[in-house]
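data_13.cif (mmCIF, C-alpha atoms and all ligand atoms)
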data_work
loop_
_atom_site.label_atom_id
_atom_site.label_comp_id
_atom_site.auth_asym_id
_atom_site.auth_seq_id
_atom_site.Cartn_x
_atom_site.Cartn_y
_atom_site.Cartn_z
CA MET A 8 -81.97 -61.17 31.06
CA ARG A 9 -85.34 -61.78 32.69
CA ALA A 10 -87.44 -58.76 33.46
CA LYS A 11 -88.06 -57.42 36.93
CA ILE A 12 -91.74 -56.73 37.47
CA VAL A 13 -93.76 -54.88 40.06
CA ALA A 14 -97.45 -55.58 39.52
CA GLY A 15 -100.35 -54.13 41.49
CA ASN A 16 -103.49 -56.22 41.88
CA TRP A 17 -106.25 -53.83 42.88
CA LYS A 18 -108.66 -56.70 43.55
CA MET A 19 -112.26 -55.45 44.05
CA ASN A 20 -111.22 -51.93 44.96
CA LYS A 21 -111.54 -48.52 43.29
CA THR A 22 -114.59 -47.14 41.53
CA TYR A 23 -114.27 -45.58 38.11
CA GLY A 24 -113.52 -42.14 39.54
CA GLU A 25 -111.13 -43.46 42.17
CA SER A 26 -109.19 -45.40 39.58
CA LYS A 27 -108.68 -42.27 37.50
CA SER A 28 -107.27 -40.47 40.56
CA LEU A 29 -104.96 -43.35 41.46
CA VAL A 30 -103.55 -43.56 37.93
CA LYS A 31 -102.96 -39.82 37.91
CA GLU A 32 -101.14 -39.98 41.26
CA LEU A 33 -99.12 -42.95 40.13
CA LYS A 34 -98.01 -41.25 36.94
CA THR A 35 -96.85 -38.26 39.00
CA ALA A 36 -95.09 -40.48 41.54
CA LEU A 37 -93.23 -42.37 38.80
CA ASN A 38 -92.22 -39.26 36.90
CA GLY A 39 -88.44 -39.33 36.53
CA VAL A 40 -88.01 -42.66 38.31
CA LYS A 41 -85.38 -44.78 36.54
CA LEU A 42 -86.90 -48.19 35.99
CA ASN A 43 -83.84 -50.11 34.71
CA ASN A 44 -85.40 -53.20 33.15
CA THR A 45 -88.35 -53.14 35.57
CA ARG A 46 -91.89 -53.45 34.23
CA VAL A 47 -94.71 -51.78 36.11
CA ILE A 48 -98.15 -53.35 35.74
CA ILE A 49 -101.48 -52.47 37.35
CA ALA A 50 -104.60 -54.65 37.37
CA PRO A 51 -107.78 -52.65 38.00
CA PRO A 52 -111.27 -54.19 38.08
CA PHE A 53 -112.97 -54.81 34.72
CA THR A 54 -115.17 -51.69 34.87
CA ASN A 55 -112.05 -49.51 34.94
CA LEU A 56 -109.91 -51.48 32.53
CA GLN A 57 -110.61 -49.46 29.41
CA LYS A 58 -110.20 -46.09 31.10
CA VAL A 59 -106.98 -47.11 32.85
CA SER A 60 -105.66 -48.60 29.62
CA LYS A 61 -106.31 -45.29 27.82
CA ARG A 62 -104.83 -43.17 30.59
CA THR A 63 -101.63 -45.20 30.75
CA LYS A 64 -101.07 -45.32 26.99
CA ASP A 65 -97.58 -44.00 26.18
CA THR A 66 -96.46 -44.30 29.81
CA VAL A 67 -94.28 -46.93 31.52
CA ILE A 68 -97.37 -48.40 33.16
CA GLU A 69 -98.82 -51.57 31.66
CA VAL A 70 -102.30 -52.84 32.45
CA ALA A 71 -103.56 -56.33 33.28
CA ALA A 72 -106.96 -57.92 33.81
CA GLN A 73 -107.52 -59.81 37.08
CA ASN A 74 -109.33 -62.78 35.57
CA MET A 75 -110.74 -64.12 32.33
CA CYS A 76 -113.23 -66.73 31.15
CA ALA A 77 -111.87 -69.97 29.73
CA GLU A 78 -114.50 -69.86 26.98
CA GLU A 79 -114.06 -67.69 23.90
CA SER A 80 -117.63 -66.27 23.76
CA GLY A 81 -121.27 -67.16 24.20
CA ALA A 82 -123.82 -67.76 26.92
CA PHE A 83 -121.66 -67.28 30.01
CA THR A 84 -123.46 -64.58 31.97
CA GLY A 85 -121.19 -62.30 33.92
CA GLU A 86 -117.97 -63.49 32.33
CA VAL A 87 -115.36 -61.56 30.34
CA SER A 88 -113.47 -63.10 27.44
CA ALA A 89 -109.85 -62.91 26.34
CA SER A 90 -110.77 -61.08 23.13
CA MET A 91 -112.73 -58.49 25.14
CA ILE A 92 -109.66 -57.85 27.25
CA LYS A 93 -107.49 -57.53 24.15
CA SER A 94 -110.03 -55.20 22.55
CA VAL A 95 -109.32 -52.55 25.21
CA HIS A 96 -105.59 -52.84 24.52
CA VAL A 97 -104.78 -54.91 27.57
CA ASP A 98 -102.21 -57.63 26.92
CA VAL A 99 -101.76 -59.22 30.34
CA VAL A 100 -104.07 -61.27 32.56
CA ILE A 101 -103.69 -62.55 36.13
CA LEU A 102 -104.82 -66.15 36.44
CA GLY A 103 -105.04 -68.53 39.39
CA HIS A 104 -105.11 -66.03 42.20
CA SER A 105 -105.76 -67.78 45.53
CA GLU A 106 -108.92 -65.73 46.02
CA ARG A 107 -110.25 -67.10 42.71
CA ARG A 108 -109.31 -70.59 43.83
CA ALA A 109 -110.82 -70.23 47.32
CA TYR A 110 -114.02 -68.29 46.60
CA PHE A 111 -114.83 -69.11 42.97
CA GLY A 112 -113.88 -72.75 42.75
CA GLU A 113 -110.97 -72.45 40.34
CA THR A 114 -108.84 -75.58 40.19
CA ASN A 115 -105.54 -76.54 38.63
CA GLU A 116 -107.52 -78.24 35.86
CA SER A 117 -109.86 -75.33 35.13
CA LEU A 118 -106.88 -73.01 35.19
CA ALA A 119 -105.06 -75.09 32.57
CA LYS A 120 -107.98 -74.33 30.27
CA LYS A 121 -107.86 -70.62 31.03
CA VAL A 122 -104.12 -70.63 30.38
CA ASP A 123 -104.68 -72.17 26.93
CA THR A 124 -107.38 -69.64 26.03
CA ALA A 125 -105.23 -66.74 27.18
CA LEU A 126 -102.26 -67.91 25.12
CA LYS A 127 -104.42 -68.57 22.08
CA ASN A 128 -105.47 -64.93 22.31
CA ASN A 129 -101.89 -63.76 22.73
CA LEU A 130 -102.33 -62.60 26.32
CA GLU A 131 -99.37 -62.73 28.68
CA ILE A 132 -100.23 -64.51 31.94
CA ILE A 133 -99.26 -63.72 35.51
CA PHE A 134 -99.92 -67.15 36.95
CA CYS A 135 -100.49 -67.25 40.73
CA PHE A 136 -100.12 -70.18 43.08
CA GLY A 137 -99.12 -70.78 46.68
CA GLU A 138 -99.80 -72.94 49.68
CA VAL A 139 -102.22 -72.38 52.56
CA LEU A 140 -101.01 -72.24 56.15
CA GLU A 141 -101.77 -75.91 56.92
CA ASP A 142 -99.60 -76.97 53.98
CA ARG A 143 -96.74 -74.85 55.23
CA LYS A 144 -97.14 -76.14 58.80
CA SER A 145 -97.21 -79.76 57.70
CA GLY A 146 -94.24 -79.29 55.38
CA ASN A 147 -96.29 -79.97 52.23
CA HIS A 148 -95.71 -76.56 50.67
CA PHE A 149 -93.25 -77.69 48.00
CA GLU A 150 -95.53 -80.55 46.95
CA VAL A 151 -98.58 -78.31 46.71
CA VAL A 152 -96.80 -75.68 44.65
CA GLU A 153 -95.29 -78.34 42.39
CA GLU A 154 -98.74 -79.74 41.68
CA GLN A 155 -100.25 -76.31 41.02
CA ILE A 156 -97.55 -75.50 38.47
CA LYS A 157 -97.37 -78.92 36.83
CA LYS A 158 -101.11 -79.32 36.35
CA ALA A 159 -101.76 -75.87 34.96
CA LEU A 160 -98.60 -75.14 33.01
CA PHE A 161 -96.46 -78.18 32.19
CA HIS A 162 -98.42 -79.06 29.06
CA LEU A 163 -97.14 -75.83 27.49
CA THR A 164 -94.30 -75.63 24.98
CA SER A 165 -91.03 -73.82 25.71
CA ASP A 166 -92.20 -71.13 23.33
CA ASP A 167 -95.44 -70.64 25.29
CA TRP A 168 -93.37 -69.89 28.37
CA LYS A 169 -92.27 -66.58 26.84
CA LYS A 170 -95.78 -65.41 27.81
CA ILE A 171 -95.70 -66.74 31.39
CA VAL A 172 -94.83 -64.85 34.55
CA LEU A 173 -95.04 -66.83 37.78
CA ALA A 174 -96.28 -65.34 41.04
CA TYR A 175 -95.68 -67.23 44.27
CA GLU A 176 -98.23 -66.02 46.79
CA PRO A 177 -98.33 -68.03 50.01
CA VAL A 178 -101.97 -67.72 51.04
CA TRP A 179 -101.07 -67.20 54.71
CA ALA A 180 -99.19 -64.05 53.76
CA ILE A 181 -101.91 -62.41 51.65
CA GLY A 182 -103.52 -59.42 53.31
CA THR A 183 -102.43 -60.65 56.72
CA GLY A 184 -99.49 -58.35 57.29
CA GLU A 185 -97.37 -61.45 57.66
CA THR A 186 -94.79 -61.87 54.89
CA ALA A 187 -92.74 -64.89 54.01
CA SER A 188 -89.20 -64.16 55.12
CA PRO A 189 -86.83 -63.29 52.26
CA GLU A 190 -85.21 -66.68 52.87
CA GLN A 191 -88.54 -68.54 52.62
CA ALA A 192 -89.34 -66.68 49.39
CA GLN A 193 -85.91 -67.40 47.92
CA GLU A 194 -86.11 -71.07 48.89
CA MET A 195 -89.46 -71.51 47.14
CA HIS A 196 -88.48 -69.45 44.09
CA ALA A 197 -85.29 -71.48 43.62
CA PHE A 198 -87.33 -74.68 43.94
CA ILE A 199 -89.76 -73.44 41.26
CA ARG A 200 -86.97 -72.42 38.89
CA GLU A 201 -85.39 -75.85 39.30
CA LEU A 202 -88.74 -77.51 38.61
CA VAL A 203 -89.08 -75.57 35.36
CA ALA A 204 -85.46 -76.35 34.43
CA GLU A 205 -86.06 -80.07 34.89
CA ARG A 206 -89.13 -80.04 32.63
CA TYR A 207 -87.83 -77.62 29.99
CA ILE A 208 -84.44 -76.46 28.84
CA SER A 209 -82.65 -74.32 31.38
CA ASP A 210 -83.15 -71.20 29.23
CA VAL A 211 -86.88 -71.31 30.00
CA ALA A 212 -86.17 -71.45 33.73
CA GLU A 213 -83.60 -68.67 33.53
CA GLU A 214 -85.89 -66.39 31.54
CA VAL A 215 -89.11 -66.78 33.52
CA SER A 216 -89.76 -63.99 36.02
CA ILE A 217 -90.93 -65.25 39.41
CA LEU A 218 -92.72 -62.67 41.55
CA TYR A 219 -93.41 -62.85 45.26
CA GLY A 220 -96.78 -61.71 46.63
CA GLY A 221 -98.07 -61.39 50.18
CA SER A 222 -97.96 -58.26 52.34
CA VAL A 223 -95.19 -56.56 50.39
CA LYS A 224 -94.75 -52.96 51.57
CA PRO A 225 -92.19 -50.22 50.90
CA SER A 226 -90.53 -51.15 54.21
CA ASN A 227 -89.91 -54.83 53.39
CA ALA A 228 -89.71 -54.77 49.58
CA GLN A 229 -85.99 -54.17 49.23
CA GLU A 230 -85.02 -57.11 51.39
CA ILE A 231 -87.36 -59.50 49.57
CA PHE A 232 -86.36 -58.23 46.12
CA SER A 233 -82.67 -58.60 46.95
CA LYS A 234 -82.92 -62.39 46.68
CA VAL A 235 -81.55 -63.80 43.42
CA ASP A 236 -84.62 -65.73 42.38
CA VAL A 237 -87.14 -63.07 43.37
CA ASP A 238 -87.79 -61.00 40.25
CA GLY A 239 -90.30 -58.60 41.72
CA GLY A 240 -93.65 -58.59 43.42
CA LEU A 241 -97.38 -58.91 43.02
CA ILE A 242 -98.78 -56.31 45.36
CA GLY A 243 -102.28 -56.13 46.82
CA GLY A 244 -103.07 -53.64 49.57
CA ALA A 245 -100.02 -51.44 49.01
CA ALA A 246 -100.89 -51.07 45.32
CA LEU A 247 -103.94 -48.99 46.29
CA SER A 248 -101.78 -46.07 47.33
CA ALA A 249 -99.57 -44.31 44.77
CA ALA A 250 -97.03 -43.47 47.48
CA ASP A 251 -96.72 -47.05 48.69
CA PHE A 252 -96.75 -48.63 45.24
CA SER A 253 -94.15 -46.23 43.87
CA GLY A 254 -92.11 -46.81 47.05
CA ILE A 255 -92.08 -50.52 46.27
CA ILE A 256 -91.09 -49.82 42.65
CA LYS A 257 -88.22 -47.64 43.85
CA ALA A 258 -87.12 -50.45 46.18
CA ILE A 259 -86.52 -52.75 43.25
P1 LIG B 301 -101.41 -58.17 49.80
O1 LIG B 301 -100.22 -57.43 49.24
O2 LIG B 301 -102.53 -57.27 50.21
O3 LIG B 301 -101.02 -59.14 50.86
O4 LIG B 301 -102.01 -59.04 48.58
C1 LIG B 301 -101.17 -59.80 47.80
C2 LIG B 301 -101.94 -60.31 46.66
O5 LIG B 301 -102.84 -61.11 46.82
C3 LIG B 301 -101.61 -59.79 45.32
O6 LIG B 301 -102.25 -60.52 44.32
#

Give the structure from this file in structure tokens form.
Ligand code: 13P
Amino acid sequence: MRAKIVAGNWKMNKTYGESKSLVKELKTALNGVKLNNTRVIIAPPFTNLQKVSKRTKDTVIEVAAQNMCAEESGAFTGEVSASMIKSVHVDVVILGHSERRAYFGETNESLAKKVDTALKNNLEIIFCFGEVLEDRKSGNHFEVVEEQIKKALFHLTSDDWKKIVLAYEPVWAIGTGETASPEQAQEMHAFIRELVAERYISDVAEEVSILYGGSVKPSNAQEIFSKVDVDGGLIGGAALSAADFSGIIKAI
């Protein structure tokens, strides 16, 4: 059975001290909560990764990096490699977030390279994609998502897919307070699962977790998560508060 996942992407928020407090609050908030096949992942900024990784050791909370360089090592000022991430006992990386695509020039092609490097280093990937508002308005959203997934992931083997988690994040719903309706999320998630089933054996499609991201809050999480092809969420703003994030986890 595929895992349910609630992942918190802290983006460029929380200093070192603030991250320690948030982890502490989160551990308290999750104390005694029955997770039933649900994974909880948090992705702090790089400066806090090692500390958060240490502080969550032996807890239910897993840690992810928010990005990674496609190159293994060398003269790439300001970048962080897959082996550096692994060296602080972090086994998951978020790739392809729309903010990376929009502000840092990441493309489907450059992401395919990052995906390969991550897998080579045995990192699990939360792979993000999603259409912008104009694509949704013009009815191109399925096409755009199909291209994002095909170009970055369809060269992988079925075995590689054991390390892939998909995260559908319609750009128009990120940080805007506007969520896709549960029906819109389900429709896209079912489309994605079908796409994967057509390319691979159906087991791969059945086993891959597909998360929804975009203005998920404790008040709307349950309805979104109730859809059969929605296996959890990638949470931004609401992941910065232990009460809200744990509320979303309880909703699943
Ligand atoms: P919000 O939950 O703030 O809309 O952000 C979603 C997101 O981008 C998670 O990666």

Exercise answer, 7 Å around ligand LIG 301 (chain B) with all atoms listed in the file, as a ChimeraX atom specification: /A:15-16,104,176,180-184,220-223,241-245

Selection as a ChimeraX atom specification: residues within 12 Å of (-85.7, -74.1, 41.7), counting all atoms listed in the file: /A:149,152-153,192-206,209,212-213,215,217,235-237

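Checking A:Ser216, A:Ser105, A:Ser165, A:Ser80 one by one against Val178 in chain A, counting only C-alpha atoms, you find the shortest gap at A:Ser105.
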
Pairwise distance for CA of Ile255 in chain A and CA of Asn74 in chain A, rounded to one decimal in Å: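 These two atoms are separated by 23.7 Å.
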
Between range 36-78 of chain A and range 113-132 of chain A, at 8 Å or less, what are the per-residue closest atom pairs and their distances in Å? Count only C-alpha atoms, order by chain and rising residue number, and return it as a Markdown table.
| residue | atom | partner | partner_atom | distance |
| --- | --- | --- | --- | --- |
| A:Met75 | CA | A:Lys121 | CA | 7.2 |
| A:Cys76 | CA | A:Lys121 | CA | 6.6 |
| A:Ala77 | CA | A:Lys121 | CA | 4.3 |
| A:Glu78 | CA | A:Thr124 | CA | 7.2 |

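Comparing the minimum interatomic distances between Ile92 in chain A and each of A:Gly254, A:Gly24, A:Pro52, A:Gly146, counting only C-alpha atoms, we find that A:Pro52 sits nearest.
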
Point-to-point distance from CA of Ile49 in chain A to CA of Ser226 in chain A, Å rounded to tenths: 20.1 Å
